[in-house]
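In what follows, a structure is listed as C-alpha coordinates, so that the remarks can point back to it.
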Amino acid sequence: ILDFTAVNFVSSQAIGIVMNLHKKSAAIGGKMILCGCGPRLQELIKITRLDRVLNVKPTQKEAMNAFNL
(Lines give C-alpha, C1' and ligand atoms only; values in the text may rest on other atoms or scores of the structure.)
Protein backbone atom coordinates (compact mmCIF):
# COMPACT_ATOMS: atom_id res chain seq x y z
CA ILE A 1 0.00 0.00 0.00
CA LEU A 2 1.39 3.37 -1.03
CA ASP A 3 -0.30 6.16 0.93
CA PHE A 4 -0.16 9.54 -0.82
CA THR A 5 -2.10 11.45 1.86
CA ALA A 6 0.82 13.79 2.67
CA VAL A 7 1.90 14.24 -0.98
CA ASN A 8 1.22 17.61 -2.62
CA PHE A 9 3.16 17.15 -5.86
CA VAL A 10 4.19 14.18 -7.97
CA SER A 11 6.74 14.53 -10.75
CA SER A 12 6.79 12.46 -13.90
CA GLN A 13 9.85 10.70 -12.48
CA ALA A 14 7.85 9.73 -9.38
CA ILE A 15 5.07 8.34 -11.59
CA GLY A 16 7.73 6.28 -13.37
CA ILE A 17 8.94 4.92 -10.04
CA VAL A 18 5.37 3.99 -9.03
CA MET A 19 4.87 2.23 -12.37
CA ASN A 20 8.16 0.36 -11.94
CA LEU A 21 7.11 -0.77 -8.45
CA HIS A 22 3.76 -1.89 -9.85
CA LYS A 23 5.48 -3.87 -12.60
CA LYS A 24 7.93 -5.53 -10.20
CA SER A 25 5.19 -6.33 -7.71
CA ALA A 26 3.02 -7.93 -10.40
CA ALA A 27 6.00 -9.93 -11.70
CA ILE A 28 6.35 -11.72 -8.37
CA GLY A 29 2.61 -12.18 -7.90
CA GLY A 30 2.22 -9.22 -5.58
CA LYS A 31 -0.36 -6.51 -5.43
CA MET A 32 0.10 -2.77 -5.03
CA ILE A 33 -2.60 -0.31 -4.03
CA LEU A 34 -2.40 3.47 -3.94
CA CYS A 35 -4.48 5.41 -1.47
CA GLY A 36 -4.93 8.93 -0.15
CA CYS A 37 -4.47 10.52 -3.57
CA GLY A 38 -5.55 14.15 -3.50
CA PRO A 39 -7.67 15.75 -6.22
CA ARG A 40 -4.68 16.83 -8.34
CA LEU A 41 -3.08 13.38 -8.26
CA GLN A 42 -6.44 11.73 -8.97
CA GLU A 43 -6.82 13.98 -12.01
CA LEU A 44 -3.31 13.11 -13.21
CA ILE A 45 -4.00 9.40 -12.79
CA LYS A 46 -7.25 9.76 -14.73
CA ILE A 47 -5.79 11.91 -17.54
CA THR A 48 -2.89 9.50 -18.07
CA ARG A 49 -5.30 6.56 -17.87
CA LEU A 50 -3.23 4.99 -15.13
CA ASP A 51 -6.50 4.32 -13.32
CA ARG A 52 -6.87 1.41 -15.76
CA VAL A 53 -3.53 -0.03 -14.62
CA LEU A 54 -3.17 0.98 -10.98
CA ASN A 55 -5.45 -0.02 -8.14
CA VAL A 56 -6.43 3.22 -6.36
CA LYS A 57 -8.54 3.42 -3.20
CA PRO A 58 -9.67 6.62 -1.47
CA THR A 59 -8.46 5.69 2.03
CA GLN A 60 -5.85 3.52 3.68
CA LYS A 61 -8.62 1.53 5.37
CA GLU A 62 -10.19 0.69 2.00
CA ALA A 63 -6.76 -0.25 0.64
CA MET A 64 -6.18 -2.57 3.59
CA ASN A 65 -9.63 -4.11 3.09
CA ALA A 66 -8.67 -4.84 -0.52
CA PHE A 67 -5.83 -6.95 0.88
CA ASN A 68 -8.23 -8.53 3.38
CA LEU A 69 -6.10 -7.30 6.30
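To be explicit about the labels: the chains of the C-alpha coordinates are called A, B, and onward in the order shown, and within each one the residues are counted from 1, while ligands get numbers from 1 in the order they are shown.
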Worksheet item: Would you give me, as number ranges by chain, the residues in chain A that DSSP reads as alpha helix (DSSP H)?
Response: A: 12-27, 39-47, 60-66
Mind dumping the selected residues with N, CA, C and O atoms as a short mmCIF file (atom, residue, chain, number, x, y, z; two decimals), in the first residue's frame?
```
data_model
loop_
_atom_site.label_atom_id
_atom_site.label_comp_id
_atom_site.auth_asym_id
_atom_site.auth_seq_id
_atom_site.Cartn_x
_atom_site.Cartn_y
_atom_site.Cartn_z
N SER A 12 6.88 13.56 -12.94
CA SER A 12 6.79 12.46 -13.90
C SER A 12 7.77 11.34 -13.53
O SER A 12 7.48 10.17 -13.75
N GLN A 13 8.89 11.70 -12.93
CA GLN A 13 9.85 10.70 -12.48
C GLN A 13 9.24 9.84 -11.37
O GLN A 13 9.42 8.62 -11.35
N ALA A 14 8.50 10.47 -10.47
CA ALA A 14 7.85 9.73 -9.38
C ALA A 14 6.79 8.77 -9.94
O ALA A 14 6.67 7.64 -9.46
N ILE A 15 6.05 9.22 -10.94
CA ILE A 15 5.07 8.34 -11.59
C ILE A 15 5.78 7.14 -12.20
O ILE A 15 5.31 6.00 -12.10
N GLY A 16 6.93 7.38 -12.80
CA GLY A 16 7.73 6.28 -13.37
C GLY A 16 8.16 5.30 -12.31
O GLY A 16 8.14 4.08 -12.52
N ILE A 17 8.54 5.79 -11.14
CA ILE A 17 8.94 4.92 -10.04
C ILE A 17 7.75 4.08 -9.56
O ILE A 17 7.88 2.88 -9.32
N VAL A 18 6.58 4.72 -9.44
CA VAL A 18 5.37 3.99 -9.03
C VAL A 18 5.05 2.90 -10.05
O VAL A 18 4.74 1.76 -9.68
N MET A 19 5.16 3.22 -11.33
CA MET A 19 4.87 2.23 -12.37
C MET A 19 5.88 1.08 -12.32
O MET A 19 5.52 -0.08 -12.51
N ASN A 20 7.13 1.40 -12.05
CA ASN A 20 8.16 0.36 -11.94
C ASN A 20 7.88 -0.55 -10.75
O ASN A 20 8.01 -1.78 -10.84
N LEU A 21 7.48 0.04 -9.61
CA LEU A 21 7.11 -0.77 -8.45
C LEU A 21 5.92 -1.66 -8.75
O LEU A 21 5.88 -2.83 -8.35
N HIS A 22 4.95 -1.11 -9.46
CA HIS A 22 3.76 -1.89 -9.85
C HIS A 22 4.17 -3.08 -10.72
O HIS A 22 3.73 -4.21 -10.48
N LYS A 23 5.02 -2.82 -11.68
CA LYS A 23 5.48 -3.87 -12.60
C LYS A 23 6.24 -4.97 -11.85
O LYS A 23 5.99 -6.16 -12.05
N LYS A 24 7.15 -4.56 -10.96
CA LYS A 24 7.93 -5.53 -10.20
C LYS A 24 7.05 -6.32 -9.24
O LYS A 24 7.23 -7.53 -9.07
N SER A 25 6.11 -5.66 -8.62
CA SER A 25 5.19 -6.33 -7.71
C SER A 25 4.36 -7.38 -8.45
O SER A 25 4.21 -8.51 -7.99
N ALA A 26 3.84 -6.99 -9.61
CA ALA A 26 3.02 -7.93 -10.40
C ALA A 26 3.86 -9.11 -10.88
O ALA A 26 3.37 -10.24 -10.95
N ALA A 27 5.13 -8.87 -11.19
CA ALA A 27 6.00 -9.93 -11.70
C ALA A 27 6.23 -11.04 -10.68
O ALA A 27 6.46 -12.19 -11.05
N PRO A 39 -6.97 15.45 -4.97
CA PRO A 39 -7.67 15.75 -6.22
C PRO A 39 -6.74 15.94 -7.43
O PRO A 39 -7.04 15.46 -8.52
N ARG A 40 -5.60 16.60 -7.21
CA ARG A 40 -4.68 16.83 -8.34
C ARG A 40 -4.06 15.53 -8.82
O ARG A 40 -3.95 15.28 -10.02
N LEU A 41 -3.67 14.67 -7.88
CA LEU A 41 -3.08 13.38 -8.26
C LEU A 41 -4.14 12.48 -8.89
O LEU A 41 -3.86 11.78 -9.87
N GLN A 42 -5.35 12.51 -8.36
CA GLN A 42 -6.44 11.73 -8.97
C GLN A 42 -6.66 12.16 -10.41
O GLN A 42 -6.86 11.32 -11.29
N GLU A 43 -6.63 13.46 -10.65
CA GLU A 43 -6.82 13.98 -12.01
C GLU A 43 -5.69 13.51 -12.92
O GLU A 43 -5.93 13.10 -14.05
N LEU A 44 -4.46 13.57 -12.43
CA LEU A 44 -3.31 13.11 -13.21
C LEU A 44 -3.44 11.63 -13.54
O LEU A 44 -3.20 11.22 -14.68
N ILE A 45 -3.83 10.84 -12.57
CA ILE A 45 -4.00 9.40 -12.79
C ILE A 45 -5.08 9.15 -13.84
O ILE A 45 -4.93 8.29 -14.71
N LYS A 46 -6.15 9.92 -13.78
CA LYS A 46 -7.25 9.76 -14.73
C LYS A 46 -6.84 10.21 -16.14
O LYS A 46 -7.10 9.51 -17.11
N ILE A 47 -6.21 11.37 -16.24
CA ILE A 47 -5.79 11.91 -17.54
C ILE A 47 -4.82 10.97 -18.25
O ILE A 47 -4.91 10.76 -19.46
N GLN A 60 -6.73 4.63 3.29
CA GLN A 60 -5.85 3.52 3.68
C GLN A 60 -6.68 2.34 4.17
O GLN A 60 -6.34 1.18 3.89
N LYS A 61 -7.76 2.62 4.87
CA LYS A 61 -8.62 1.53 5.37
C LYS A 61 -9.19 0.72 4.21
O LYS A 61 -9.20 -0.51 4.26
N GLU A 62 -9.66 1.40 3.16
CA GLU A 62 -10.19 0.69 2.00
C GLU A 62 -9.08 -0.10 1.28
O GLU A 62 -9.34 -1.19 0.78
N ALA A 63 -7.88 0.46 1.24
CA ALA A 63 -6.76 -0.25 0.64
C ALA A 63 -6.45 -1.51 1.42
O ALA A 63 -6.22 -2.57 0.85
N MET A 64 -6.45 -1.40 2.74
CA MET A 64 -6.18 -2.57 3.59
C MET A 64 -7.27 -3.62 3.42
O MET A 64 -6.99 -4.81 3.38
N ASN A 65 -8.52 -3.18 3.31
CA ASN A 65 -9.63 -4.11 3.09
C ASN A 65 -9.47 -4.85 1.77
O ASN A 65 -9.85 -6.01 1.66
N ALA A 66 -8.90 -4.19 0.78
CA ALA A 66 -8.67 -4.84 -0.52
C ALA A 66 -7.65 -5.98 -0.40
O ALA A 66 -7.66 -6.90 -1.20
#
```
Item to complete: Based on DSSP run over this structure's backbone, return all residues of chain A in strand (DSSP E or B), as an NGL selection string.
Response: :A and (2-3 or 33-35 or 55-57)
Practice prompt. Calculate how many Å separate CA of Ser11 in chain A from CA of Gly30 in chain A, rounding to one decimal.
Written response: 24.7 Å
Discussion item. Which residue is closest to Phe4 in chain A? Choose from A:Thr59, A:Asp51, A:Phe67, A:Ile28 and count only C-alpha atoms.
Written reply: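 Result for the nearest residue to Phe4 in chain A: A:Thr59.
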Discussion item. Between CA of Cys37 in chain A and CA of Asn55 in chain A, what is the distance in Å, rounded to a tenth?
Written reply: 11.5 Å
Worksheet item: Taking into account only C-alpha atoms, which residue in the set A:Thr5, A:Val53, A:Val10, A:Pro58 is nearest to Lys31 in chain A?
Response: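 That would be A:Val53, the residue with the smallest distance to Lys31 in chain A.
One distance worth recording is that between CA of Thr48 in chain A and CA of Asn68 in chain A, which is 28.5 Å.
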